[in-house]
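Here is the file final.cif (mmCIF, C-alpha atoms and all ligand atoms).
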```cif
data_data
loop_
_atom_site.label_atom_id
_atom_site.label_comp_id
_atom_site.auth_asym_id
_atom_site.auth_seq_id
_atom_site.Cartn_x
_atom_site.Cartn_y
_atom_site.Cartn_z
CA MET A 399 -18.01 -16.75 10.43
CA ASN A 400 -16.04 -14.10 12.24
CA GLU A 401 -17.72 -10.96 10.91
CA LYS A 402 -16.07 -8.71 13.45
CA ALA A 403 -12.54 -9.57 12.38
CA THR A 404 -10.46 -6.75 10.93
CA TYR A 405 -7.82 -7.21 8.24
CA ILE A 406 -5.37 -4.45 7.42
CA VAL A 407 -2.87 -4.78 4.55
CA MET A 408 0.30 -2.70 4.75
CA LEU A 409 1.39 -1.68 1.26
CA GLY A 410 4.54 0.10 0.13
CA PRO A 411 8.07 -0.55 -1.11
CA PRO A 412 10.71 -2.35 0.97
CA GLY A 413 11.90 0.07 3.63
CA ALA A 414 8.74 2.22 3.62
CA GLY A 415 8.05 1.36 7.26
CA LYS A 416 5.43 -1.40 6.91
CA GLY A 417 6.92 -3.65 9.60
CA THR A 418 7.54 -0.76 11.99
CA GLN A 419 3.95 0.42 11.69
CA ALA A 420 2.37 -3.05 11.57
CA LYS A 421 3.88 -3.94 14.92
CA ILE A 422 2.59 -0.73 16.55
CA ILE A 423 -0.91 -0.72 15.10
CA ALA A 424 -1.45 -4.44 15.69
CA GLU A 425 -0.73 -3.84 19.39
CA GLU A 426 -2.90 -0.73 19.42
CA LEU A 427 -5.87 -2.45 17.76
CA GLY A 428 -5.49 -5.86 19.43
CA LEU A 429 -4.73 -7.64 16.18
CA VAL A 430 -2.00 -10.08 15.20
CA HIS A 431 0.98 -8.87 13.17
CA VAL A 432 1.48 -11.32 10.31
CA SER A 433 4.71 -10.73 8.41
CA THR A 434 5.35 -13.22 5.63
CA GLY A 435 9.03 -12.21 5.63
CA ASP A 436 9.26 -13.01 9.37
CA LEU A 437 7.46 -16.34 8.83
CA PHE A 438 9.94 -17.31 6.11
CA ARG A 439 12.89 -16.24 8.31
CA GLU A 440 11.46 -18.22 11.24
CA ASN A 441 11.26 -21.28 8.99
CA LEU A 442 14.82 -20.71 7.91
CA SER A 443 16.14 -20.53 11.46
CA ASN A 444 14.17 -23.69 12.31
CA GLU A 445 15.78 -25.30 9.26
CA THR A 446 12.49 -26.43 7.72
CA GLU A 447 12.12 -27.39 4.07
CA LEU A 448 9.96 -24.30 3.54
CA GLY A 449 12.69 -22.14 5.06
CA ARG A 450 15.34 -23.56 2.73
CA LEU A 451 13.11 -23.09 -0.30
CA ALA A 452 12.22 -19.51 0.71
CA ALA A 453 15.85 -18.58 1.36
CA SER A 454 16.83 -19.52 -2.18
CA PHE A 455 14.55 -16.72 -3.40
CA MET A 456 14.98 -14.24 -0.53
CA ASN A 457 18.76 -14.12 -0.78
CA LYS A 458 18.47 -13.02 -4.41
CA GLY A 459 15.81 -10.44 -3.59
CA GLU A 460 13.22 -12.43 -5.56
CA LEU A 461 9.71 -13.29 -4.43
CA VAL A 462 8.91 -16.74 -3.06
CA PRO A 463 6.39 -18.49 -5.39
CA ASP A 464 2.75 -17.52 -4.88
CA ASP A 465 1.41 -21.01 -4.11
CA VAL A 466 3.91 -21.56 -1.28
CA THR A 467 3.30 -18.10 0.18
CA ILE A 468 -0.49 -18.31 -0.01
CA ALA A 469 -0.55 -21.75 1.67
CA MET A 470 1.64 -20.43 4.50
CA VAL A 471 -0.65 -17.42 5.06
CA GLU A 472 -3.76 -19.58 5.01
CA GLU A 473 -2.28 -21.81 7.70
CA ARG A 474 -1.18 -18.81 9.82
CA LEU A 475 -4.58 -17.11 9.67
CA SER A 476 -6.35 -20.32 10.68
CA ARG A 477 -4.69 -20.24 14.13
CA PRO A 478 -6.86 -19.12 17.06
CA ASP A 479 -4.83 -15.96 17.78
CA CYS A 480 -6.00 -14.52 14.45
CA GLU A 481 -9.66 -14.71 15.36
CA LYS A 482 -10.00 -10.92 15.65
CA GLY A 483 -8.07 -10.33 12.45
CA ALA A 484 -4.57 -9.37 11.43
CA VAL A 485 -2.27 -6.68 10.18
CA MET A 486 -0.67 -8.14 7.06
CA ASP A 487 2.89 -7.01 6.47
CA GLY A 488 4.52 -7.97 3.17
CA PHE A 489 1.48 -9.90 1.93
CA PRO A 490 -0.12 -9.77 -0.59
CA ARG A 491 2.77 -8.86 -2.90
CA THR A 492 1.40 -9.90 -6.30
CA PRO A 493 -2.04 -9.61 -7.96
CA ALA A 494 -2.43 -13.42 -7.68
CA GLN A 495 -1.79 -13.21 -3.92
CA ALA A 496 -4.27 -10.34 -3.57
CA GLU A 497 -6.97 -12.33 -5.34
CA ALA A 498 -6.22 -15.45 -3.32
CA PHE A 499 -6.32 -13.38 -0.12
CA ASP A 500 -9.75 -11.91 -1.00
CA ALA A 501 -11.02 -15.43 -1.70
CA LEU A 502 -9.58 -16.74 1.57
CA LEU A 503 -11.13 -13.92 3.59
CA GLU A 504 -14.47 -14.43 1.91
CA LYS A 505 -14.31 -18.08 2.94
CA ILE A 506 -13.75 -17.14 6.59
CA GLY A 507 -16.27 -14.30 6.51
CA GLY A 508 -13.91 -11.33 6.43
CA LYS A 509 -12.60 -8.75 3.99
CA VAL A 510 -9.69 -6.38 3.59
CA ASP A 511 -10.82 -3.35 5.59
CA MET A 512 -8.00 -0.90 5.03
CA VAL A 513 -4.77 -0.66 3.04
CA PRO A 514 -2.34 1.96 4.36
CA PHE A 515 -0.06 2.66 1.38
CA ILE A 516 3.17 4.17 2.70
CA THR A 517 5.11 6.18 0.12
CA VAL A 518 8.82 6.99 0.39
CA PRO A 519 11.26 8.08 -2.37
CA ASN A 520 13.71 5.39 -3.57
CA GLN A 521 16.80 7.22 -2.31
CA VAL A 522 15.42 7.21 1.24
CA LEU A 523 14.49 3.51 0.97
CA VAL A 524 18.10 2.55 0.28
CA GLU A 525 19.32 4.56 3.30
CA ARG A 526 16.67 3.03 5.52
CA LEU A 527 17.36 -0.56 4.51
CA SER A 528 21.12 -0.29 4.72
CA GLY A 529 20.87 1.02 8.31
CA ARG A 530 18.12 -1.36 9.45
CA TRP A 531 18.76 -3.50 12.55
CA VAL A 532 16.15 -6.13 13.43
CA SER A 533 15.42 -8.33 16.41
CA ARG A 534 14.46 -12.03 16.23
CA SER A 535 11.02 -11.03 17.49
CA GLY A 536 10.47 -8.77 14.46
CA ARG A 537 11.11 -5.41 16.15
CA VAL A 538 12.75 -2.94 13.78
CA TYR A 539 15.38 -0.26 14.48
CA HIS A 540 17.57 2.02 12.41
CA ALA A 541 21.18 2.89 13.20
CA LEU A 542 20.42 6.61 12.82
CA TYR A 543 16.67 7.19 12.44
CA ASN A 544 15.37 4.89 15.17
CA PRO A 545 18.33 3.67 17.24
CA PRO A 546 17.96 1.30 20.19
CA ILE A 547 19.08 2.62 23.61
CA VAL A 548 22.11 0.31 23.52
CA LYS A 549 23.71 -0.36 20.11
CA TRP A 550 22.75 -3.76 18.61
CA VAL A 551 20.50 -4.63 21.61
CA ASP A 552 16.70 -4.85 21.58
CA ASP A 553 15.22 -2.26 24.00
CA PHE A 554 12.44 -4.62 25.05
CA ASP A 555 13.96 -8.05 25.52
CA GLY A 556 17.72 -7.40 25.54
CA THR A 557 18.40 -9.83 22.68
CA ASP A 558 20.97 -9.08 19.97
CA LEU A 559 19.95 -7.18 16.87
CA TYR A 560 21.22 -8.20 13.44
CA GLN A 561 21.37 -6.95 9.86
CA ARG A 562 19.32 -8.92 7.37
CA GLU A 563 21.17 -10.86 4.66
CA ASP A 564 18.96 -9.23 1.99
CA ASP A 565 19.63 -5.66 3.24
CA LYS A 566 22.97 -5.59 1.39
CA PRO A 567 23.04 -2.70 -1.11
CA GLU A 568 23.04 -4.91 -4.24
CA THR A 569 20.02 -6.96 -3.06
CA VAL A 570 18.18 -3.85 -1.83
CA VAL A 571 18.20 -2.25 -5.28
CA HIS A 572 16.83 -5.44 -6.85
CA ARG A 573 14.11 -5.77 -4.20
CA ILE A 574 12.93 -2.25 -4.98
CA GLU A 575 12.76 -3.16 -8.71
CA VAL A 576 10.80 -6.31 -7.89
CA TYR A 577 8.37 -4.16 -5.87
CA TYR A 578 7.73 -1.85 -8.84
CA GLU A 579 7.33 -4.77 -11.26
CA GLN A 580 5.27 -7.20 -9.22
CA THR A 581 3.73 -5.44 -6.22
CA SER A 582 2.89 -1.91 -7.40
CA PRO A 583 -0.14 -3.13 -9.46
CA LEU A 584 -1.78 -3.67 -6.05
CA ILE A 585 -2.03 0.12 -5.62
CA GLU A 586 -4.68 0.21 -8.34
CA TYR A 587 -6.24 -3.04 -7.14
CA TYR A 588 -6.96 -1.60 -3.69
CA GLN A 589 -7.75 1.86 -5.05
CA ASN A 590 -10.52 0.22 -7.10
CA ALA A 591 -11.68 -1.64 -4.00
CA GLY A 592 -11.93 1.72 -2.17
CA THR A 593 -9.66 0.63 0.69
CA LEU A 594 -6.40 2.44 -0.14
CA LEU A 595 -5.18 5.13 2.27
CA GLU A 596 -2.07 6.89 0.98
CA ILE A 597 0.33 8.10 3.66
CA ASP A 598 3.55 10.12 3.38
CA GLY A 599 6.10 7.73 4.88
CA THR A 600 8.83 10.38 5.17
CA GLN A 601 7.09 11.75 8.27
CA PRO A 602 8.28 10.71 11.73
CA ILE A 603 7.21 7.22 12.83
CA ASP A 604 4.60 8.49 15.32
CA ARG A 605 2.97 10.77 12.70
CA VAL A 606 2.63 7.85 10.29
CA THR A 607 1.07 5.76 13.08
CA GLU A 608 -1.40 8.54 13.89
CA GLU A 609 -2.55 8.75 10.27
CA ILE A 610 -3.06 4.99 10.03
CA LEU A 611 -4.99 4.86 13.30
CA LYS A 612 -7.14 7.81 12.25
CA GLY A 613 -7.98 5.85 9.07
CA ALA A 614 -8.71 2.68 11.03
CA LYS A 615 -11.10 4.42 13.39
CA ALA A 616 -12.84 6.50 10.68
P1 LIG B 1 9.42 -2.34 5.59
O1 LIG B 1 8.77 -3.31 6.54
O2 LIG B 1 8.43 -1.56 4.79
O3 LIG B 1 10.47 -2.98 4.74
P2 LIG B 1 10.64 -1.27 8.03
O4 LIG B 1 9.48 -1.02 8.92
O5 LIG B 1 11.49 -2.45 8.30
O6 LIG B 1 10.18 -1.25 6.48
O7 LIG B 1 11.55 0.07 8.05
C1 LIG B 1 12.76 0.16 7.30
C2 LIG B 1 13.79 0.98 8.08
O8 LIG B 1 13.36 2.35 8.15
C3 LIG B 1 13.98 0.52 9.53
O9 LIG B 1 15.35 0.65 9.85
C4 LIG B 1 13.12 1.51 10.34
O10 LIG B 1 13.65 1.71 11.65
C5 LIG B 1 13.22 2.78 9.51
N1 LIG B 1 11.97 3.58 9.53
C6 LIG B 1 10.69 3.12 9.51
N2 LIG B 1 9.82 4.16 9.51
C7 LIG B 1 10.56 5.28 9.51
C8 LIG B 1 10.25 6.69 9.51
N3 LIG B 1 8.97 7.11 9.49
N4 LIG B 1 11.27 7.55 9.55
C9 LIG B 1 12.57 7.12 9.55
N5 LIG B 1 12.94 5.83 9.55
C10 LIG B 1 11.94 4.91 9.53
P1 LIG B 2 10.14 -8.67 3.89
O1 LIG B 2 10.52 -9.16 5.25
O2 LIG B 2 8.69 -8.36 3.76
O3 LIG B 2 11.03 -7.55 3.41
O4 LIG B 2 10.39 -9.90 2.91
C1 LIG B 2 11.67 -10.46 2.73
C2 LIG B 2 11.65 -11.44 1.55
O5 LIG B 2 10.78 -12.53 1.85
C3 LIG B 2 11.17 -10.89 0.22
O6 LIG B 2 12.18 -10.19 -0.50
C4 LIG B 2 10.72 -12.18 -0.47
O7 LIG B 2 11.84 -12.91 -0.94
C5 LIG B 2 10.10 -12.96 0.68
N1 LIG B 2 8.66 -12.64 0.83
C6 LIG B 2 8.07 -12.04 1.88
N2 LIG B 2 6.75 -11.90 1.68
C7 LIG B 2 6.49 -12.43 0.45
C8 LIG B 2 5.34 -12.57 -0.34
N3 LIG B 2 4.14 -12.13 0.09
N4 LIG B 2 5.46 -13.17 -1.55
C9 LIG B 2 6.63 -13.63 -1.98
N5 LIG B 2 7.78 -13.50 -1.30
C10 LIG B 2 7.72 -12.91 -0.09
#
```

What does the file become when written as structure tokens?
Ligand code: ADP
Ligand code: AMP
Amino acid sequence: MNEKATYIVMLGPPGAGKGTQAKIIAEELGLVHVSTGDLFRENLSNETELGRLAASFMNKGELVPDDVTIAMVEERLSRPDCEKGAVMDGFPRTPAQAEAFDALLEKIGGKVDMVPFITVPNQVLVERLSGRWVSRSGRVYHALYNPPIVKWVDDFDGTDLYQREDDKPETVVHRIEVYYEQTSPLIEYYQNAGTLLEIDGTQPIDRVTEEILKGAKA
């Protein structure tokens, strides 16, 4: 039992700022940032079978099947660095994943403590995703809204930044549709659980962080 562990679930459409915020608040709260998208991409660059399977869905903007995703999360959360809990970024993304996650946390003596739900209008999402530059370590920049000091270079480790394959305009629009169809039911799920904290994601990055941290410490 690890009763003191904290689990935060970042909710919101693609481009809302979940990854940006998850990275900051995980550091702030001493938790691990678990991004299922990053885990799939890591598998892809390591050329694993899981990576190849995931890519066949990711490149089309579709979700990777629930059973594969849930098994990957279960394995990740069982590692020692997650003992104090995690900030979940991009998981759960379907009602089946949310239920499986609750069951998994119950098994390890935890629960979902807070769900920051970041809202951003669709038009802004498309602009954000088409200008997004990411680092291999999961740090996120934007060509205009959050540029690195040197173009295409990570401020922290000097590695090259890249544009994600699924940030092409045609895939972006489909990913937003998939969010509304398959992930948005989780808004009500966590509202009913009393853990949802709605945040206006059009505010500057540091304002959004402040609101999440205020919620976490309340
Ligand atoms: P998500 O993980 O929800 O898909 P990201 O955190 O990757 O979203 O952010 C998407 C893009 O929007 C990135 O390029 C990021 O730099 C930018 N971004 C994130 N938060 C803000 C914000 N509050 N204002 C402006 N741009 C933002
Ligand atoms: P993200 O990095 O969160 O934007 O995710 C990129 C892609 O990875 C998604 O479009 C999906 O194809 C896949 N993915 C990430 N997380 C999940 C999840 N929880 N369930 C299913 N597919 C996922």

Can you pull out every residue with an atom within 6 Å of ligand LIG 2 (chain B)? Use all atoms listed in the file and format it as an mmCIF file with C-alpha atoms, in the coordinates of the input.
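Output saved as part05.cif:
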```cif
data_model
loop_
_atom_site.group_PDB
_atom_site.id
_atom_site.type_symbol
_atom_site.label_atom_id
_atom_site.label_comp_id
_atom_site.auth_asym_id
_atom_site.auth_seq_id
_atom_site.Cartn_x
_atom_site.Cartn_y
_atom_site.Cartn_z
ATOM 1 C CA PRO A 412 10.710 -2.350 0.970
ATOM 2 C CA THR A 434 5.350 -13.220 5.630
ATOM 3 C CA GLY A 435 9.030 -12.210 5.630
ATOM 4 C CA ASP A 436 9.260 -13.010 9.370
ATOM 5 C CA PHE A 455 14.550 -16.720 -3.400
ATOM 6 C CA MET A 456 14.980 -14.240 -0.530
ATOM 7 C CA GLY A 459 15.810 -10.440 -3.590
ATOM 8 C CA GLU A 460 13.220 -12.430 -5.560
ATOM 9 C CA LEU A 461 9.710 -13.290 -4.430
ATOM 10 C CA VAL A 462 8.910 -16.740 -3.060
ATOM 11 C CA PRO A 463 6.390 -18.490 -5.390
ATOM 12 C CA THR A 467 3.300 -18.100 0.180
ATOM 13 C CA GLY A 488 4.520 -7.970 3.170
ATOM 14 C CA PHE A 489 1.480 -9.900 1.930
ATOM 15 C CA PRO A 490 -0.120 -9.770 -0.590
ATOM 16 C CA ARG A 491 2.770 -8.860 -2.900
#
```

*So which residues are close to (7.3, -3.2, -6.9), meaning at most 12 Å away in the file's coordinates with all atoms listed in the file counted, and can you show them as a PyMOL selection string?*
chain A and resi 409-414+459-461+488+490-493+517+520+571-585

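With only C-alpha atoms and all ligand atoms as the atoms that count, the residue of A:Ala591, A:Ala614, A:Leu523, A:Val471 with the shortest distance to ligand LIG 1 (chain B) is A:Leu523.
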
*Do you know which residues are at most 9 Å from Arg439 of chain A counting only C-alpha atoms, after dropping those on the same chain fewer than 6 positions away, and could you put them as a list in words?*
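My reading of the contact set: Gly449, Ala452 and Ala453 of chain A.
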
*Would you mind reading off the distance between atom CA of Tyr588 of chain A and atom CA of Met470 of chain A, one decimal, in Å?*
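These atoms are spaced 22.3 Å apart.
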
Can you pull out every residue with an atom within 7 Å of ligand LIG 1 (chain B)? Use all atoms listed in the file and format it as a PDB file with C-alpha atoms, keeping the file's coordinate frame.
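Below is the file selection-v6.pdb, written as the result:
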```
ATOM      1  CA  GLY A 410       4.540   0.100   0.130  1.00  0.00           C
ATOM      2  CA  PRO A 411       8.070  -0.550  -1.110  1.00  0.00           C
ATOM      3  CA  PRO A 412      10.710  -2.350   0.970  1.00  0.00           C
ATOM      4  CA  GLY A 413      11.900   0.070   3.630  1.00  0.00           C
ATOM      5  CA  ALA A 414       8.740   2.220   3.620  1.00  0.00           C
ATOM      6  CA  GLY A 415       8.050   1.360   7.260  1.00  0.00           C
ATOM      7  CA  LYS A 416       5.430  -1.400   6.910  1.00  0.00           C
ATOM      8  CA  GLY A 417       6.920  -3.650   9.600  1.00  0.00           C
ATOM      9  CA  THR A 418       7.540  -0.760  11.990  1.00  0.00           C
ATOM     10  CA  GLN A 419       3.950   0.420  11.690  1.00  0.00           C
ATOM     11  CA  ASP A 487       2.890  -7.010   6.470  1.00  0.00           C
ATOM     12  CA  ARG A 526      16.670   3.030   5.520  1.00  0.00           C
ATOM     13  CA  LEU A 527      17.360  -0.560   4.510  1.00  0.00           C
ATOM     14  CA  GLY A 529      20.870   1.020   8.310  1.00  0.00           C
ATOM     15  CA  ARG A 530      18.120  -1.360   9.450  1.00  0.00           C
ATOM     16  CA  TRP A 531      18.760  -3.500  12.550  1.00  0.00           C
ATOM     17  CA  VAL A 538      12.750  -2.940  13.780  1.00  0.00           C
ATOM     18  CA  TYR A 539      15.380  -0.260  14.480  1.00  0.00           C
ATOM     19  CA  HIS A 540      17.570   2.020  12.410  1.00  0.00           C
ATOM     20  CA  TYR A 543      16.670   7.190  12.440  1.00  0.00           C
ATOM     21  CA  ASN A 544      15.370   4.890  15.170  1.00  0.00           C
ATOM     22  CA  GLY A 599       6.100   7.730   4.880  1.00  0.00           C
ATOM     23  CA  THR A 600       8.830  10.380   5.170  1.00  0.00           C
ATOM     24  CA  GLN A 601       7.090  11.750   8.270  1.00  0.00           C
ATOM     25  CA  PRO A 602       8.280  10.710  11.730  1.00  0.00           C
ATOM     26  CA  ILE A 603       7.210   7.220  12.830  1.00  0.00           C
ATOM     27  CA  VAL A 606       2.630   7.850  10.290  1.00  0.00           C
TER      28      VAL A 606
END
```

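The shortest atom-to-atom distance to Lys566 of chain A, with all atoms listed in the file taken into account, belongs to A:Val524 out of A:Ala498, A:Val485, A:Val524, A:Val548.
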
*Atom pair atom CA of Ile468 of chain A / atom CA of Phe499 of chain A: separation (Å)*: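 Computed distance, atom CA of Ile468 of chain A to atom CA of Phe499 of chain A, equals 7.6 Å.
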
*Grab the atom CA of Asp564 of chain A to atom CA of Gly483 of chain A distance for me, in Å with one decimal place.*
29.0 Å

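Of the listed residues A:Leu451, A:Tyr587, A:Arg534, A:Ile423, the one whose atoms come nearest to Asp552 of chain A is A:Arg534, with distances taken using only C-alpha atoms.
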
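Nearest to Leu437 of chain A of all the residues A:Glu481, A:Met486, A:Asp465, A:Lys549 is A:Met486, based on all atoms listed in the file.
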
*For Gln589 of chain A, which of A:Ala403, A:Val551, A:Val513, A:Val570 is the closest residue, counting all atoms listed in the file?*
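Between A:Ala403, A:Val551, A:Val513, A:Val570, the residue approaching Gln589 of chain A most closely is A:Val513.
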
*asked:* I need the residue nearest Leu442 of chain A from this list: A:Asn457, A:Thr404, A:Val430, A:Thr593. Use all atoms listed in the file for the distance.
replied: A:Asn457

*Just the residues within 9 Å of Trp550 of chain A, please, counting all atoms listed in the file, with nothing from its chain fewer than 6 positions along; format it as a PyMOL selection string.*
chain A and resi 531-533+541+557-560

Around segment 543-557 of chain A, with edges along x, y and z and 6 Å added on all six sides, what centre and edge lengths do you get, in Å to one decimal, as AutoDock Vina command-line options?
```
--center_x 18.1 --center_y -1.3 --center_z 19.0 --size_x 23.3 --size_y 29.0 --size_z 25.1
```

How would segment 483-514 of chain A read, as a PDB file, in the coordinates of the input, once N, CA and C atoms are built in?
```pdb
ATOM      1  N   GLY A 483      -8.600 -10.907  13.678  1.00  0.00           N
ATOM      2  CA  GLY A 483      -8.070 -10.330  12.450  1.00  0.00           C
ATOM      3  C   GLY A 483      -6.578 -10.142  12.531  1.00  0.00           C
ATOM      4  N   ALA A 484      -6.029  -9.476  11.518  1.00  0.00           N
ATOM      5  CA  ALA A 484      -4.570  -9.370  11.430  1.00  0.00           C
ATOM      6  C   ALA A 484      -4.139  -8.131  10.672  1.00  0.00           C
ATOM      7  N   VAL A 485      -2.921  -7.716  10.980  1.00  0.00           N
ATOM      8  CA  VAL A 485      -2.270  -6.680  10.180  1.00  0.00           C
ATOM      9  C   VAL A 485      -1.256  -7.396   9.308  1.00  0.00           C
ATOM     10  N   MET A 486      -1.509  -7.401   8.005  1.00  0.00           N
ATOM     11  CA  MET A 486      -0.670  -8.140   7.060  1.00  0.00           C
ATOM     12  C   MET A 486       0.486  -7.252   6.619  1.00  0.00           C
ATOM     13  N   ASP A 487       1.687  -7.794   6.765  1.00  0.00           N
ATOM     14  CA  ASP A 487       2.890  -7.010   6.470  1.00  0.00           C
ATOM     15  C   ASP A 487       3.734  -7.790   5.453  1.00  0.00           C
ATOM     16  N   GLY A 488       3.753  -7.283   4.220  1.00  0.00           N
ATOM     17  CA  GLY A 488       4.520  -7.970   3.170  1.00  0.00           C
ATOM     18  C   GLY A 488       3.686  -8.984   2.404  1.00  0.00           C
ATOM     19  N   PHE A 489       2.418  -9.021   2.641  1.00  0.00           N
ATOM     20  CA  PHE A 489       1.480  -9.900   1.930  1.00  0.00           C
ATOM     21  C   PHE A 489       0.141  -9.178   1.835  1.00  0.00           C
ATOM     22  N   PRO A 490      -0.541  -9.210   0.689  1.00  0.00           N
ATOM     23  CA  PRO A 490      -0.120  -9.770  -0.590  1.00  0.00           C
ATOM     24  C   PRO A 490       0.928  -8.908  -1.289  1.00  0.00           C
ATOM     25  N   ARG A 491       1.689  -9.534  -2.188  1.00  0.00           N
ATOM     26  CA  ARG A 491       2.770  -8.860  -2.900  1.00  0.00           C
ATOM     27  C   ARG A 491       2.649  -9.021  -4.404  1.00  0.00           C
ATOM     28  N   THR A 492       1.645  -9.761  -4.858  1.00  0.00           N
ATOM     29  CA  THR A 492       1.400  -9.900  -6.300  1.00  0.00           C
ATOM     30  C   THR A 492      -0.124  -9.884  -6.491  1.00  0.00           C
ATOM     31  N   PRO A 493      -0.593  -9.563  -7.725  1.00  0.00           N
ATOM     32  CA  PRO A 493      -2.040  -9.610  -7.960  1.00  0.00           C
ATOM     33  C   PRO A 493      -2.629 -10.988  -7.651  1.00  0.00           C
ATOM     34  N   ALA A 494      -1.900 -12.063  -7.969  1.00  0.00           N
ATOM     35  CA  ALA A 494      -2.430 -13.420  -7.680  1.00  0.00           C
ATOM     36  C   ALA A 494      -2.606 -13.613  -6.178  1.00  0.00           C
ATOM     37  N   GLN A 495      -1.663 -13.095  -5.392  1.00  0.00           N
ATOM     38  CA  GLN A 495      -1.790 -13.210  -3.920  1.00  0.00           C
ATOM     39  C   GLN A 495      -2.969 -12.383  -3.426  1.00  0.00           C
ATOM     40  N   ALA A 496      -3.166 -11.201  -4.017  1.00  0.00           N
ATOM     41  CA  ALA A 496      -4.270 -10.340  -3.570  1.00  0.00           C
ATOM     42  C   ALA A 496      -5.610 -11.014  -3.832  1.00  0.00           C
ATOM     43  N   GLU A 497      -5.718 -11.648  -5.010  1.00  0.00           N
ATOM     44  CA  GLU A 497      -6.970 -12.330  -5.340  1.00  0.00           C
ATOM     45  C   GLU A 497      -7.184 -13.541  -4.429  1.00  0.00           C
ATOM     46  N   ALA A 498      -6.111 -14.279  -4.198  1.00  0.00           N
ATOM     47  CA  ALA A 498      -6.220 -15.450  -3.320  1.00  0.00           C
ATOM     48  C   ALA A 498      -6.579 -15.007  -1.894  1.00  0.00           C
ATOM     49  N   PHE A 499      -6.040 -13.873  -1.480  1.00  0.00           N
ATOM     50  CA  PHE A 499      -6.320 -13.380  -0.120  1.00  0.00           C
ATOM     51  C   PHE A 499      -7.801 -12.975  -0.005  1.00  0.00           C
ATOM     52  N   ASP A 500      -8.321 -12.274  -1.009  1.00  0.00           N
ATOM     53  CA  ASP A 500      -9.750 -11.910  -1.000  1.00  0.00           C
ATOM     54  C   ASP A 500     -10.618 -13.167  -0.913  1.00  0.00           C
ATOM     55  N   ALA A 501     -10.226 -14.190  -1.696  1.00  0.00           N
ATOM     56  CA  ALA A 501     -11.020 -15.430  -1.700  1.00  0.00           C
ATOM     57  C   ALA A 501     -10.951 -16.122  -0.340  1.00  0.00           C
ATOM     58  N   LEU A 502      -9.763 -16.113   0.251  1.00  0.00           N
ATOM     59  CA  LEU A 502      -9.580 -16.740   1.570  1.00  0.00           C
ATOM     60  C   LEU A 502     -10.420 -16.016   2.621  1.00  0.00           C
ATOM     61  N   LEU A 503     -10.372 -14.687   2.592  1.00  0.00           N
ATOM     62  CA  LEU A 503     -11.130 -13.920   3.590  1.00  0.00           C
ATOM     63  C   LEU A 503     -12.629 -14.123   3.404  1.00  0.00           C
ATOM     64  N   GLU A 504     -13.047 -14.217   2.161  1.00  0.00           N
ATOM     65  CA  GLU A 504     -14.470 -14.430   1.910  1.00  0.00           C
ATOM     66  C   GLU A 504     -14.911 -15.760   2.536  1.00  0.00           C
ATOM     67  N   LYS A 505     -14.031 -16.744   2.392  1.00  0.00           N
ATOM     68  CA  LYS A 505     -14.310 -18.080   2.940  1.00  0.00           C
ATOM     69  C   LYS A 505     -14.466 -18.035   4.466  1.00  0.00           C
ATOM     70  N   ILE A 506     -13.669 -17.175   5.128  1.00  0.00           N
ATOM     71  CA  ILE A 506     -13.750 -17.140   6.590  1.00  0.00           C
ATOM     72  C   ILE A 506     -14.607 -15.964   7.075  1.00  0.00           C
ATOM     73  N   GLY A 507     -15.304 -15.336   6.130  1.00  0.00           N
ATOM     74  CA  GLY A 507     -16.270 -14.300   6.510  1.00  0.00           C
ATOM     75  C   GLY A 507     -15.665 -12.953   6.802  1.00  0.00           C
ATOM     76  N   GLY A 508     -14.514 -12.651   6.218  1.00  0.00           N
ATOM     77  CA  GLY A 508     -13.910 -11.330   6.430  1.00  0.00           C
ATOM     78  C   GLY A 508     -13.644 -10.632   5.115  1.00  0.00           C
ATOM     79  N   LYS A 509     -13.013  -9.476   5.191  1.00  0.00           N
ATOM     80  CA  LYS A 509     -12.600  -8.750   3.990  1.00  0.00           C
ATOM     81  C   LYS A 509     -11.419  -7.854   4.343  1.00  0.00           C
ATOM     82  N   VAL A 510     -10.756  -7.347   3.337  1.00  0.00           N
ATOM     83  CA  VAL A 510      -9.690  -6.380   3.590  1.00  0.00           C
ATOM     84  C   VAL A 510     -10.369  -5.054   3.941  1.00  0.00           C
ATOM     85  N   ASP A 511     -10.137  -4.558   5.140  1.00  0.00           N
ATOM     86  CA  ASP A 511     -10.820  -3.350   5.590  1.00  0.00           C
ATOM     87  C   ASP A 511     -10.072  -2.077   5.212  1.00  0.00           C
ATOM     88  N   MET A 512      -8.761  -2.118   5.297  1.00  0.00           N
ATOM     89  CA  MET A 512      -8.000  -0.900   5.030  1.00  0.00           C
ATOM     90  C   MET A 512      -6.596  -1.252   4.542  1.00  0.00           C
ATOM     91  N   VAL A 513      -6.112  -0.437   3.600  1.00  0.00           N
ATOM     92  CA  VAL A 513      -4.770  -0.660   3.040  1.00  0.00           C
ATOM     93  C   VAL A 513      -3.949   0.626   3.167  1.00  0.00           C
ATOM     94  N   PRO A 514      -3.235   0.812   4.274  1.00  0.00           N
ATOM     95  CA  PRO A 514      -2.340   1.960   4.360  1.00  0.00           C
ATOM     96  C   PRO A 514      -1.210   1.768   3.347  1.00  0.00           C
TER      97      PRO A 514
END
```
